[in-house]
file input32.cif (mmCIF, N, CA and C atoms)
data_final
loop_
_atom_site.label_atom_id
_atom_site.label_comp_id
_atom_site.auth_asym_id
_atom_site.auth_seq_id
_atom_site.Cartn_x
_atom_site.Cartn_y
_atom_site.Cartn_z
N MET A 1 48.73 11.12 7.98
CA MET A 1 47.77 10.68 8.95
C MET A 1 46.71 9.84 8.24
N MET A 2 46.31 8.74 8.84
CA MET A 2 45.33 7.86 8.24
C MET A 2 43.93 8.20 8.77
N ALA A 3 42.99 8.16 7.85
CA ALA A 3 41.60 8.37 8.26
C ALA A 3 41.00 7.03 8.65
N SER A 4 40.34 7.00 9.77
CA SER A 4 39.73 5.74 10.19
C SER A 4 38.29 5.68 9.71
N PHE A 5 37.76 4.48 9.65
CA PHE A 5 36.39 4.30 9.21
C PHE A 5 35.43 4.84 10.25
N GLY A 6 34.40 5.55 9.81
CA GLY A 6 33.39 6.05 10.72
C GLY A 6 33.69 7.40 11.33
N HIS A 7 34.89 7.93 11.10
CA HIS A 7 35.24 9.22 11.67
C HIS A 7 35.66 10.19 10.58
N GLY A 8 34.85 10.27 9.55
CA GLY A 8 35.16 11.14 8.44
C GLY A 8 34.67 12.55 8.70
N THR A 9 34.63 13.35 7.66
CA THR A 9 34.21 14.74 7.81
C THR A 9 32.70 14.88 7.84
N ARG A 10 31.98 13.89 7.34
CA ARG A 10 30.52 13.97 7.34
C ARG A 10 29.99 13.47 8.68
N ARG A 11 29.12 14.24 9.30
CA ARG A 11 28.59 13.87 10.60
C ARG A 11 27.31 13.05 10.47
N HIS A 12 26.53 13.27 9.47
CA HIS A 12 25.25 12.58 9.29
C HIS A 12 25.19 12.08 7.86
N PRO A 13 24.64 10.88 7.61
CA PRO A 13 24.64 10.35 6.25
C PRO A 13 23.86 11.18 5.24
N ARG A 14 22.94 12.02 5.70
CA ARG A 14 22.15 12.80 4.76
C ARG A 14 22.61 14.26 4.63
N THR A 15 23.71 14.62 5.23
CA THR A 15 24.20 15.98 5.07
C THR A 15 24.85 16.15 3.71
N GLY A 16 25.14 17.38 3.36
CA GLY A 16 25.63 17.71 2.03
C GLY A 16 26.83 16.89 1.59
N GLY A 17 27.92 16.97 2.33
CA GLY A 17 29.10 16.18 1.99
C GLY A 17 29.63 16.51 0.60
N ARG A 18 30.25 15.54 -0.05
CA ARG A 18 30.82 15.75 -1.37
C ARG A 18 29.77 15.82 -2.46
N THR A 19 28.69 15.07 -2.31
CA THR A 19 27.72 14.98 -3.40
C THR A 19 26.68 16.08 -3.36
N GLY A 20 26.49 16.73 -2.23
CA GLY A 20 25.48 17.77 -2.13
C GLY A 20 24.12 17.17 -1.85
N ALA A 21 23.21 17.99 -1.40
CA ALA A 21 21.86 17.51 -1.11
C ALA A 21 21.12 17.30 -2.42
N ARG A 22 20.64 16.09 -2.64
CA ARG A 22 19.99 15.79 -3.91
C ARG A 22 18.57 16.33 -3.97
N TRP A 23 17.84 16.28 -2.88
CA TRP A 23 16.43 16.65 -2.92
C TRP A 23 16.15 17.94 -2.15
N GLY A 24 17.15 18.62 -1.69
CA GLY A 24 16.95 19.92 -1.07
C GLY A 24 16.84 19.88 0.44
N SER A 25 16.52 18.77 1.04
CA SER A 25 16.37 18.70 2.48
C SER A 25 17.15 17.51 3.02
N PRO A 26 17.95 17.73 4.05
CA PRO A 26 18.69 16.60 4.62
C PRO A 26 17.84 15.71 5.50
N ARG A 27 16.62 16.14 5.84
CA ARG A 27 15.75 15.34 6.69
C ARG A 27 15.02 14.28 5.87
N ALA A 28 14.83 13.14 6.48
CA ALA A 28 14.09 12.06 5.82
C ALA A 28 12.61 12.37 5.84
N SER A 29 11.93 11.99 4.77
CA SER A 29 10.48 12.17 4.74
C SER A 29 9.83 11.17 5.68
N ARG A 30 8.53 11.34 5.91
CA ARG A 30 7.83 10.46 6.84
C ARG A 30 7.83 9.02 6.35
N SER A 31 7.62 8.82 5.05
CA SER A 31 7.59 7.45 4.54
C SER A 31 8.98 6.81 4.58
N GLU A 32 10.03 7.61 4.41
CA GLU A 32 11.38 7.06 4.51
C GLU A 32 11.72 6.71 5.95
N ALA A 33 11.30 7.56 6.89
CA ALA A 33 11.60 7.32 8.29
C ALA A 33 10.86 6.11 8.83
N GLU A 34 9.61 5.92 8.41
CA GLU A 34 8.82 4.79 8.89
C GLU A 34 9.11 3.52 8.11
N GLY A 35 9.66 3.64 6.93
CA GLY A 35 10.05 2.48 6.17
C GLY A 35 8.95 1.88 5.31
N GLY A 36 7.87 2.58 5.04
CA GLY A 36 6.80 2.02 4.24
C GLY A 36 6.34 3.00 3.18
N PRO A 37 5.49 2.54 2.28
CA PRO A 37 4.98 3.44 1.24
C PRO A 37 4.01 4.47 1.81
N ASP A 38 3.85 5.57 1.13
CA ASP A 38 2.94 6.59 1.62
C ASP A 38 1.49 6.20 1.35
N ARG A 39 0.56 6.97 1.89
CA ARG A 39 -0.85 6.61 1.83
C ARG A 39 -1.41 6.68 0.42
N ALA A 40 -0.96 7.64 -0.37
CA ALA A 40 -1.48 7.75 -1.73
C ALA A 40 -1.10 6.52 -2.56
N THR A 41 0.11 6.06 -2.38
CA THR A 41 0.56 4.87 -3.11
C THR A 41 -0.24 3.64 -2.69
N LEU A 42 -0.48 3.50 -1.39
CA LEU A 42 -1.27 2.36 -0.92
C LEU A 42 -2.69 2.40 -1.46
N GLY A 43 -3.27 3.60 -1.55
CA GLY A 43 -4.61 3.72 -2.10
C GLY A 43 -4.69 3.32 -3.56
N ILE A 44 -3.70 3.73 -4.33
CA ILE A 44 -3.66 3.39 -5.75
C ILE A 44 -3.43 1.89 -5.94
N ILE A 45 -2.52 1.32 -5.16
CA ILE A 45 -2.26 -0.12 -5.25
C ILE A 45 -3.52 -0.90 -4.88
N GLY A 46 -4.21 -0.45 -3.85
CA GLY A 46 -5.45 -1.13 -3.45
C GLY A 46 -6.53 -1.04 -4.51
N ALA A 47 -6.66 0.13 -5.15
CA ALA A 47 -7.67 0.28 -6.20
C ALA A 47 -7.35 -0.62 -7.40
N ILE A 48 -6.08 -0.72 -7.75
CA ILE A 48 -5.68 -1.59 -8.86
C ILE A 48 -5.96 -3.06 -8.52
N CYS A 49 -5.65 -3.46 -7.28
CA CYS A 49 -5.93 -4.84 -6.86
C CYS A 49 -7.43 -5.12 -6.87
N ALA A 50 -8.23 -4.14 -6.47
CA ALA A 50 -9.68 -4.34 -6.44
C ALA A 50 -10.25 -4.51 -7.83
N VAL A 51 -9.80 -3.71 -8.77
CA VAL A 51 -10.31 -3.82 -10.14
C VAL A 51 -9.82 -5.12 -10.78
N ALA A 52 -8.57 -5.48 -10.54
CA ALA A 52 -8.04 -6.73 -11.10
C ALA A 52 -8.72 -7.94 -10.48
N GLY A 53 -9.17 -7.80 -9.24
CA GLY A 53 -9.83 -8.91 -8.55
C GLY A 53 -11.16 -9.29 -9.15
N PHE A 54 -11.79 -8.39 -9.90
CA PHE A 54 -13.04 -8.74 -10.57
C PHE A 54 -12.82 -9.73 -11.70
N PHE A 55 -11.59 -9.79 -12.21
CA PHE A 55 -11.30 -10.65 -13.35
C PHE A 55 -10.55 -11.91 -12.96
N VAL A 56 -9.61 -11.82 -12.04
CA VAL A 56 -8.83 -12.98 -11.61
C VAL A 56 -8.59 -12.93 -10.11
N LEU A 57 -8.59 -14.08 -9.47
CA LEU A 57 -8.22 -14.24 -8.06
C LEU A 57 -8.89 -13.25 -7.12
N GLY A 58 -10.20 -13.13 -7.23
CA GLY A 58 -10.94 -12.21 -6.39
C GLY A 58 -10.86 -12.55 -4.91
N ILE A 59 -10.72 -13.83 -4.61
CA ILE A 59 -10.64 -14.26 -3.21
C ILE A 59 -9.33 -13.80 -2.56
N VAL A 60 -8.31 -13.56 -3.36
CA VAL A 60 -7.02 -13.09 -2.84
C VAL A 60 -6.90 -11.57 -2.97
N LEU A 61 -7.21 -11.05 -4.15
CA LEU A 61 -7.02 -9.63 -4.39
C LEU A 61 -8.04 -8.75 -3.68
N GLY A 62 -9.21 -9.28 -3.37
CA GLY A 62 -10.20 -8.51 -2.63
C GLY A 62 -9.72 -8.13 -1.24
N PRO A 63 -9.30 -9.11 -0.43
CA PRO A 63 -8.77 -8.75 0.88
C PRO A 63 -7.50 -7.90 0.83
N VAL A 64 -6.66 -8.12 -0.18
CA VAL A 64 -5.46 -7.28 -0.32
C VAL A 64 -5.87 -5.84 -0.58
N ALA A 65 -6.87 -5.64 -1.42
CA ALA A 65 -7.36 -4.29 -1.71
C ALA A 65 -7.97 -3.66 -0.47
N MET A 66 -8.69 -4.45 0.32
CA MET A 66 -9.28 -3.90 1.54
C MET A 66 -8.21 -3.48 2.54
N VAL A 67 -7.18 -4.27 2.69
CA VAL A 67 -6.09 -3.93 3.62
C VAL A 67 -5.36 -2.69 3.14
N CYS A 68 -5.05 -2.62 1.86
CA CYS A 68 -4.37 -1.43 1.33
C CYS A 68 -5.23 -0.18 1.48
N GLY A 69 -6.52 -0.31 1.21
CA GLY A 69 -7.42 0.83 1.39
C GLY A 69 -7.52 1.27 2.83
N TRP A 70 -7.58 0.31 3.74
CA TRP A 70 -7.67 0.62 5.17
C TRP A 70 -6.41 1.31 5.65
N LEU A 71 -5.24 0.82 5.22
CA LEU A 71 -3.98 1.46 5.61
C LEU A 71 -3.83 2.84 4.98
N ALA A 72 -4.33 3.00 3.77
CA ALA A 72 -4.23 4.29 3.10
C ALA A 72 -5.14 5.32 3.76
N MET A 73 -6.22 4.87 4.38
CA MET A 73 -7.12 5.78 5.08
C MET A 73 -6.62 6.11 6.47
N GLY A 74 -5.52 5.56 6.87
CA GLY A 74 -4.99 5.83 8.19
C GLY A 74 -5.58 4.95 9.26
N ARG A 75 -6.09 3.79 8.90
CA ARG A 75 -6.64 2.79 9.80
C ARG A 75 -7.81 3.30 10.62
N SER A 76 -8.57 4.22 10.09
CA SER A 76 -9.75 4.70 10.81
C SER A 76 -10.76 5.28 9.83
N TRP A 77 -12.00 5.32 10.25
CA TRP A 77 -13.05 5.95 9.46
C TRP A 77 -13.12 7.43 9.74
N ALA A 78 -12.63 7.86 10.89
CA ALA A 78 -12.72 9.26 11.30
C ALA A 78 -11.74 10.11 10.50
N GLY A 79 -12.05 11.37 10.41
CA GLY A 79 -11.16 12.30 9.70
C GLY A 79 -11.70 12.66 8.35
N GLY A 80 -11.45 13.89 7.94
CA GLY A 80 -11.99 14.36 6.67
C GLY A 80 -11.06 14.20 5.49
N SER A 81 -9.83 13.77 5.74
CA SER A 81 -8.86 13.71 4.65
C SER A 81 -8.74 12.30 4.08
N ARG A 82 -9.85 11.74 3.64
CA ARG A 82 -9.81 10.44 2.99
C ARG A 82 -9.52 10.63 1.51
N SER A 83 -8.67 9.80 0.99
CA SER A 83 -8.42 9.89 -0.45
C SER A 83 -9.41 9.00 -1.19
N ALA A 84 -9.73 9.40 -2.39
CA ALA A 84 -10.70 8.64 -3.19
C ALA A 84 -10.21 7.23 -3.53
N PRO A 85 -8.95 7.04 -3.95
CA PRO A 85 -8.51 5.68 -4.25
C PRO A 85 -8.57 4.74 -3.04
N ALA A 86 -8.34 5.27 -1.85
CA ALA A 86 -8.40 4.43 -0.65
C ALA A 86 -9.82 3.96 -0.40
N LEU A 87 -10.78 4.85 -0.54
CA LEU A 87 -12.18 4.49 -0.33
C LEU A 87 -12.67 3.53 -1.41
N VAL A 88 -12.25 3.78 -2.66
CA VAL A 88 -12.61 2.88 -3.77
C VAL A 88 -12.01 1.50 -3.53
N ALA A 89 -10.77 1.44 -3.08
CA ALA A 89 -10.12 0.16 -2.82
C ALA A 89 -10.84 -0.60 -1.72
N LEU A 90 -11.25 0.09 -0.68
CA LEU A 90 -11.94 -0.58 0.42
C LEU A 90 -13.30 -1.12 0.01
N ILE A 91 -14.07 -0.31 -0.69
CA ILE A 91 -15.42 -0.73 -1.09
C ILE A 91 -15.37 -1.81 -2.16
N LEU A 92 -14.57 -1.60 -3.21
CA LEU A 92 -14.49 -2.60 -4.27
C LEU A 92 -13.85 -3.89 -3.78
N GLY A 93 -12.90 -3.79 -2.85
CA GLY A 93 -12.30 -4.99 -2.27
C GLY A 93 -13.32 -5.82 -1.50
N ALA A 94 -14.21 -5.14 -0.77
CA ALA A 94 -15.26 -5.85 -0.04
C ALA A 94 -16.24 -6.52 -1.00
N ILE A 95 -16.63 -5.81 -2.05
CA ILE A 95 -17.53 -6.38 -3.06
C ILE A 95 -16.86 -7.57 -3.76
N ASP A 96 -15.59 -7.39 -4.07
CA ASP A 96 -14.79 -8.43 -4.71
C ASP A 96 -14.75 -9.71 -3.87
N THR A 97 -14.48 -9.55 -2.58
CA THR A 97 -14.40 -10.69 -1.67
C THR A 97 -15.76 -11.36 -1.54
N LEU A 98 -16.80 -10.57 -1.42
CA LEU A 98 -18.15 -11.13 -1.29
C LEU A 98 -18.55 -11.92 -2.53
N LEU A 99 -18.29 -11.37 -3.71
CA LEU A 99 -18.62 -12.08 -4.94
C LEU A 99 -17.81 -13.37 -5.09
N ALA A 100 -16.54 -13.33 -4.69
CA ALA A 100 -15.72 -14.54 -4.77
C ALA A 100 -16.23 -15.61 -3.82
N LEU A 101 -16.66 -15.22 -2.63
CA LEU A 101 -17.20 -16.19 -1.69
C LEU A 101 -18.53 -16.77 -2.17
N VAL A 102 -19.37 -15.94 -2.77
CA VAL A 102 -20.64 -16.42 -3.32
C VAL A 102 -20.36 -17.38 -4.48
N TRP A 103 -19.39 -17.06 -5.29
CA TRP A 103 -19.04 -17.92 -6.42
C TRP A 103 -18.50 -19.26 -5.94
N LEU A 104 -17.67 -19.23 -4.89
CA LEU A 104 -17.11 -20.47 -4.37
C LEU A 104 -18.15 -21.33 -3.67
N ALA A 105 -19.13 -20.69 -3.04
CA ALA A 105 -20.16 -21.44 -2.31
C ALA A 105 -21.33 -21.83 -3.22
N GLY A 106 -21.30 -21.40 -4.47
CA GLY A 106 -22.39 -21.68 -5.39
C GLY A 106 -22.50 -23.15 -5.73
N PRO A 107 -23.53 -23.50 -6.47
CA PRO A 107 -23.72 -24.91 -6.83
C PRO A 107 -22.61 -25.43 -7.74
N THR A 108 -22.35 -26.69 -7.64
CA THR A 108 -21.33 -27.32 -8.46
C THR A 108 -21.83 -27.42 -9.90
N PRO A 109 -21.01 -27.09 -10.89
CA PRO A 109 -21.46 -27.18 -12.27
C PRO A 109 -21.87 -28.60 -12.64
N GLY A 110 -22.98 -28.73 -13.33
CA GLY A 110 -23.47 -30.03 -13.73
C GLY A 110 -24.57 -30.56 -12.82
N TYR A 111 -24.73 -29.97 -11.66
CA TYR A 111 -25.76 -30.42 -10.73
C TYR A 111 -26.78 -29.31 -10.46
N GLY A 112 -26.84 -28.32 -11.32
CA GLY A 112 -27.77 -27.21 -11.13
C GLY A 112 -29.19 -27.56 -11.53
N MET A 113 -30.02 -26.54 -11.54
CA MET A 113 -31.42 -26.75 -11.89
C MET A 113 -31.59 -26.99 -13.38
N PHE A 114 -30.72 -26.46 -14.20
CA PHE A 114 -30.92 -26.57 -15.65
C PHE A 114 -30.05 -27.65 -16.18
#
call {"tool": "encode", "arguments": {"input": "input32.cif", "output": "structure tokens"}}
result
Amino acid sequence: MMASFGHGTRRHPRTGGRTGARWGSPRASRSEAEGGPDRATLGIIGAICAVAGFFVLGIVLGPVAMVCGWLAMGRSWAGGSRSAPALVALILGAIDTLLALVWLAGPTPGYGMF
């Protein structure tokens, strides 16, 4: 008898099957089900972008840090479970963006007061 494709012995792709459960649970985690990184990772990425933005490309990395921090906080200010990297990313990203805008709007070199 020939086995056809799609009608094997495994009913769900995450069940034990031949290889066994690798992580102990056949259910997908929330980040796997939604298809995006978890909040802690976004907070850390945002904090790294914010710190790097003080040295290079602050006009780009500042807003990226603010978006990552905002998403890591769950897109709201309410709630007591804010992570520190998310808040740091949001605040430093705003400072980063503001400093980059002030630097870009500043006087042209060579035409200053001195």
call {"tool": "atom_distance", "arguments": {"input": "input32.cif", "atom1": "atom N of Leu87 in chain A", "atom2": "CA of Pro63 in chain A"}}
result
13.8 Å
call {"tool": "resolve_selection", "arguments": {"input": "input32.cif", "expression": "the PyMOL selection byres ((chain A and resi 46-61) around 6)", "output": "ChimeraX atom specification"}}
result
/A:41-45,62-66,68-69,85,88-89,92-93,96-97,100
call {"tool": "atom_distance", "arguments": {"input": "input32.cif", "atom1": "atom N of Leu71 in chain A", "atom2": "CA of Leu98 in chain A"}}
result
18.8 Å
call {"tool": "atom_distance", "arguments": {"input": "input32.cif", "atom1": "CA of Pro37 in chain A", "atom2": "CA of Val67 in chain A"}}
result
13.5 Å
call {"tool": "decode", "arguments": {"input": "input32.cif", "residues": "range 52-67 of chain A", "atoms": "N, CA, C and O atoms", "output": "mmCIF file, in the first residue's frame"}}
result
data_model
loop_
_atom_site.group_PDB
_atom_site.id
_atom_site.type_symbol
_atom_site.label_atom_id
_atom_site.label_comp_id
_atom_site.auth_asym_id
_atom_site.auth_seq_id
_atom_site.Cartn_x
_atom_site.Cartn_y
_atom_site.Cartn_z
ATOM 1 N N ALA A 52 23.501 53.366 20.351
ATOM 2 C CA ALA A 52 24.296 53.508 19.129
ATOM 3 C C ALA A 52 23.953 54.798 18.398
ATOM 4 O O ALA A 52 24.802 55.386 17.725
ATOM 5 N N GLY A 53 22.717 55.262 18.549
ATOM 6 C CA GLY A 53 22.290 56.488 17.878
ATOM 7 C C GLY A 53 22.980 57.728 18.385
ATOM 8 O O GLY A 53 23.001 58.748 17.694
ATOM 9 N N PHE A 54 23.539 57.687 19.588
ATOM 10 C CA PHE A 54 24.287 58.836 20.088
ATOM 11 C C PHE A 54 25.601 59.023 19.341
ATOM 12 O O PHE A 54 26.168 60.105 19.339
ATOM 13 N N PHE A 55 26.082 57.963 18.711
ATOM 14 C CA PHE A 55 27.367 58.023 18.031
ATOM 15 C C PHE A 55 27.238 58.109 16.515
ATOM 16 O O PHE A 55 28.020 58.805 15.873
ATOM 17 N N VAL A 56 26.296 57.384 15.936
ATOM 18 C CA VAL A 56 26.108 57.394 14.485
ATOM 19 C C VAL A 56 24.622 57.356 14.147
ATOM 20 O O VAL A 56 23.840 56.716 14.840
ATOM 21 N N LEU A 57 24.233 58.050 13.094
ATOM 22 C CA LEU A 57 22.883 57.999 12.528
ATOM 23 C C LEU A 57 21.769 58.168 13.556
ATOM 24 O O LEU A 57 20.810 57.396 13.598
ATOM 25 N N GLY A 58 21.882 59.185 14.384
ATOM 26 C CA GLY A 58 20.874 59.428 15.407
ATOM 27 C C GLY A 58 19.506 59.731 14.837
ATOM 28 O O GLY A 58 18.489 59.404 15.442
ATOM 29 N N ILE A 59 19.467 60.330 13.654
ATOM 30 C CA ILE A 59 18.184 60.669 13.035
ATOM 31 C C ILE A 59 17.435 59.411 12.596
ATOM 32 O O ILE A 59 16.219 59.415 12.479
ATOM 33 N N VAL A 60 18.140 58.319 12.371
ATOM 34 C CA VAL A 60 17.512 57.057 11.973
ATOM 35 C C VAL A 60 17.323 56.137 13.182
ATOM 36 O O VAL A 60 16.238 55.576 13.384
ATOM 37 N N LEU A 61 18.375 55.976 13.973
ATOM 38 C CA LEU A 61 18.316 55.033 15.082
ATOM 39 C C LEU A 61 17.456 55.519 16.247
ATOM 40 O O LEU A 61 16.930 54.703 17.000
ATOM 41 N N GLY A 62 17.287 56.820 16.387
ATOM 42 C CA GLY A 62 16.424 57.345 17.445
ATOM 43 C C GLY A 62 14.974 56.920 17.266
ATOM 44 O O GLY A 62 14.370 56.353 18.190
ATOM 45 N N PRO A 63 14.379 57.180 16.100
ATOM 46 C CA PRO A 63 13.005 56.717 15.894
ATOM 47 C C PRO A 63 12.860 55.195 15.918
ATOM 48 O O PRO A 63 11.846 54.677 16.389
ATOM 49 N N VAL A 64 13.871 54.473 15.443
ATOM 50 C CA VAL A 64 13.818 53.006 15.508
ATOM 51 C C VAL A 64 13.780 52.556 16.964
ATOM 52 O O VAL A 64 13.012 51.658 17.343
ATOM 53 N N ALA A 65 14.584 53.189 17.806
ATOM 54 C CA ALA A 65 14.594 52.858 19.233
ATOM 55 C C ALA A 65 13.259 53.192 19.880
ATOM 56 O O ALA A 65 12.762 52.434 20.719
ATOM 57 N N MET A 66 12.671 54.319 19.489
ATOM 58 C CA MET A 66 11.371 54.679 20.068
ATOM 59 C C MET A 66 10.282 53.685 19.666
ATOM 60 O O MET A 66 9.461 53.295 20.487
ATOM 61 N N VAL A 67 10.281 53.254 18.428
ATOM 62 C CA VAL A 67 9.281 52.281 17.972
ATOM 63 C C VAL A 67 9.475 50.949 18.678
ATOM 64 O O VAL A 67 8.506 50.327 19.140
#
